[in-house]
Amino acid sequence: MGDREEQIVAKHRKPQGRRARTVNRTARQRQSPAVVLVGTTAAALSTVLVFGHATDSTADTPQVQLAAATIGIGGRGDPTSANVPNKLNGTVVPSGFTYIPVQYPAGFDIDNSVNAGVPVLAQDVTDNSGQFLLVVGYSEGTIVAEKVRRNLDPSTPGAPPTSDLQFVMIASPNVPNGGIFGRFPSLKIPFFVTSNGAAQPSPYNTTYVTNEYDPYGDFPAYFDPLSLLNSLAAVEYVHPDQYYDSVDYNPLTGTGTTPVIVTKSPDGTETYVFVPAEHLPLLAPIRQIAGIVGLTPITEPALDSVEPLLRVLVDMGYTDRTNADPETPTQFSLITPPGRVLQTVGEVPGAIGQGVTNLVTGLEALPGSLPTPLVHTAAVADTPAITATSLSTTSQATDLGTPSIDPPASTQSTSGPTLNAVTQNGGKSTSTTGKSTSSPKGNPLTQLANSV
């Protein structure tokens, strides 16, 4: 378990009223020593399995009972919050935690769904106080969690202390610098959604987890057509449940195998986890279609060659891509700051160079990965097919009964037909067989052109 999980304190279960104490005392008097021994052993094993160790338990408090629970509230289309336990590689419901799903409409009418969910989540927090609680919201569910979090004050009687309650907001529109509610704090679409603005500071520790380019949690800060088109594609290729299920990051321990950029607020209460994207969502449909028809080996080098430059242009629509200042509310602007434009211009040469490198690397690997219908073999009318590797310049001259002619010294590639593939007849170059033949095996780009 990590440091945060070790901070879960033991809680005493106190009987209610004198009658309860009398009944319990009587019941204990009737229990046999064997039953008491079995019960004590089972309680001890449960404690070890759930928490690994109990730092606050001593020989003087043998009946201390540890407890923890995750309260989950899902996104649109998940009214029973059944998808939440899968988030972040399943780390949001650690071993031994009870899972409490919040049930609310979770519909397209976001305002009505949120208004219905707020009292349910607030009641679940109140009913389960007295133990460590981890409230996990995803997408639309984070709006509900944000409203409940704003209303919680640890000094209020009955409210959980700060050590007993934490929030995890996944794909939240309330991220101050990136969330769509942070970009448009005055957004209001009647009968659909009303923005509640950027997330507000809270005494309760809160972790925000956002995939790069997620249009709800990482919307462009400036008007940039490419950035906006990329965000539109990200609705399908970045935001849905499955793209957060595979993120391996434990919000309680701050560990995992997925590369992330973690930034803490100045007071240390908020933690912003940014998951960089390997590819642009804008190119995802092309990649998907290419995968379906089996042309990925051909399309991938081309996409890899343009993606670095395209990414630089897309990223110009954001304040930064280093998650440097996520806690500062930043509204959407129609004007891109000149400094951001100049920074982008400075990144263009490197992006072009990276694209060329990607293209060369991809083409070098192309012949071995070409699907069979696209592997080049030359077939001649009325003659058997001749493969590129079965025909050499020396064998051609020998078969024709003419001496081989050494080609002139040249620095050019010999990927195409050479002078040895033809004979000289009255100063005219004629075919060696009167029929066309295949050229020797050339570089990948030549093969691809010949195939077409």
# chains A, B, ... in the order shown; residues from 1 in each chain; ligands from 1
$ select_by_dssp --residues "segment 149-312 of chain A" --states "strand (DSSP E or B)" --output "list in words"
Leu165, Gln166, Phe167, Val168, Met169, Ile170, Lys188, Ile189, Val193, Thr194, Thr206, Thr207, Tyr208, Val209, Thr210, Asn211, Tyr222, Asn250, Thr255, Ile261, Val262, Thr263, Lys264, Glu270, Thr271, Tyr272, Val273, Phe274 and Val275 of chain A
$ residues_around --residues "Thr263 of chain A" --least-positions-apart "4" --cutoff "12 Å" --atoms "only C-alpha atoms" --output "mmCIF file with C-alpha atoms, in the first residue's frame"
data_model
loop_
_atom_site.group_PDB
_atom_site.id
_atom_site.type_symbol
_atom_site.label_atom_id
_atom_site.label_comp_id
_atom_site.auth_asym_id
_atom_site.auth_seq_id
_atom_site.Cartn_x
_atom_site.Cartn_y
_atom_site.Cartn_z
ATOM 1 C CA THR A 207 -6.777 14.306 -8.070
ATOM 2 C CA TYR A 208 -7.686 15.191 -11.660
ATOM 3 C CA VAL A 209 -6.757 12.677 -14.373
ATOM 4 C CA THR A 210 -7.003 13.884 -17.972
ATOM 5 C CA GLY A 254 0.845 8.145 -7.154
ATOM 6 C CA ASP A 267 -1.214 24.391 -1.470
ATOM 7 C CA GLY A 268 -0.703 20.729 -2.370
ATOM 8 C CA THR A 269 -4.408 19.911 -2.117
ATOM 9 C CA GLU A 270 -5.028 19.405 -5.858
ATOM 10 C CA THR A 271 -3.030 17.018 -8.034
ATOM 11 C CA TYR A 272 -3.293 17.260 -11.829
ATOM 12 C CA VAL A 273 -2.351 14.128 -13.767
ATOM 13 C CA PHE A 274 -1.860 14.639 -17.513
ATOM 14 C CA VAL A 275 -1.583 11.571 -19.779
ATOM 15 C CA THR A 322 3.722 20.327 -20.301
ATOM 16 C CA ASN A 323 0.848 20.660 -17.805
ATOM 17 C CA ALA A 324 2.758 23.585 -16.328
ATOM 18 C CA ASP A 325 -0.166 25.622 -14.969
ATOM 19 C CA PRO A 326 -3.319 23.485 -14.788
ATOM 20 C CA GLU A 327 -4.744 25.164 -11.676
ATOM 21 C CA THR A 328 -5.081 28.635 -13.244
#
$ closest_residue --among "A:Leu133, A:Ala106, A:Ala302, A:Val247" --to "Thr91 of chain A" --atoms "only C-alpha atoms"
A:Val247
$ select_by_dssp --residues "segment 158-320 of chain A" --states "helix (DSSP H, G or I)" --output "VMD selection string"
chain A and resid 162 to 164 180 to 183 225 to 237 242 to 245 281 to 293 296 to 315
$ residues_around --residues "segment 81-84 of chain A" --least-positions-apart "5" --cutoff "6 Å" --atoms "only C-alpha atoms" --output "list in words"
Gly72, Ile73, Gly74 and Pro101 of chain A
$ closest_residue --among "A:Ile180, A:Tyr243, A:Ala198, A:Tyr237" --to "Leu283 of chain A" --atoms "only C-alpha atoms"
A:Tyr237
$ closest_residue --among "A:Gln354, A:Ser172, A:Thr258, A:Ser163" --to "Ala145 of chain A" --atoms "only C-alpha atoms"
A:Ser172
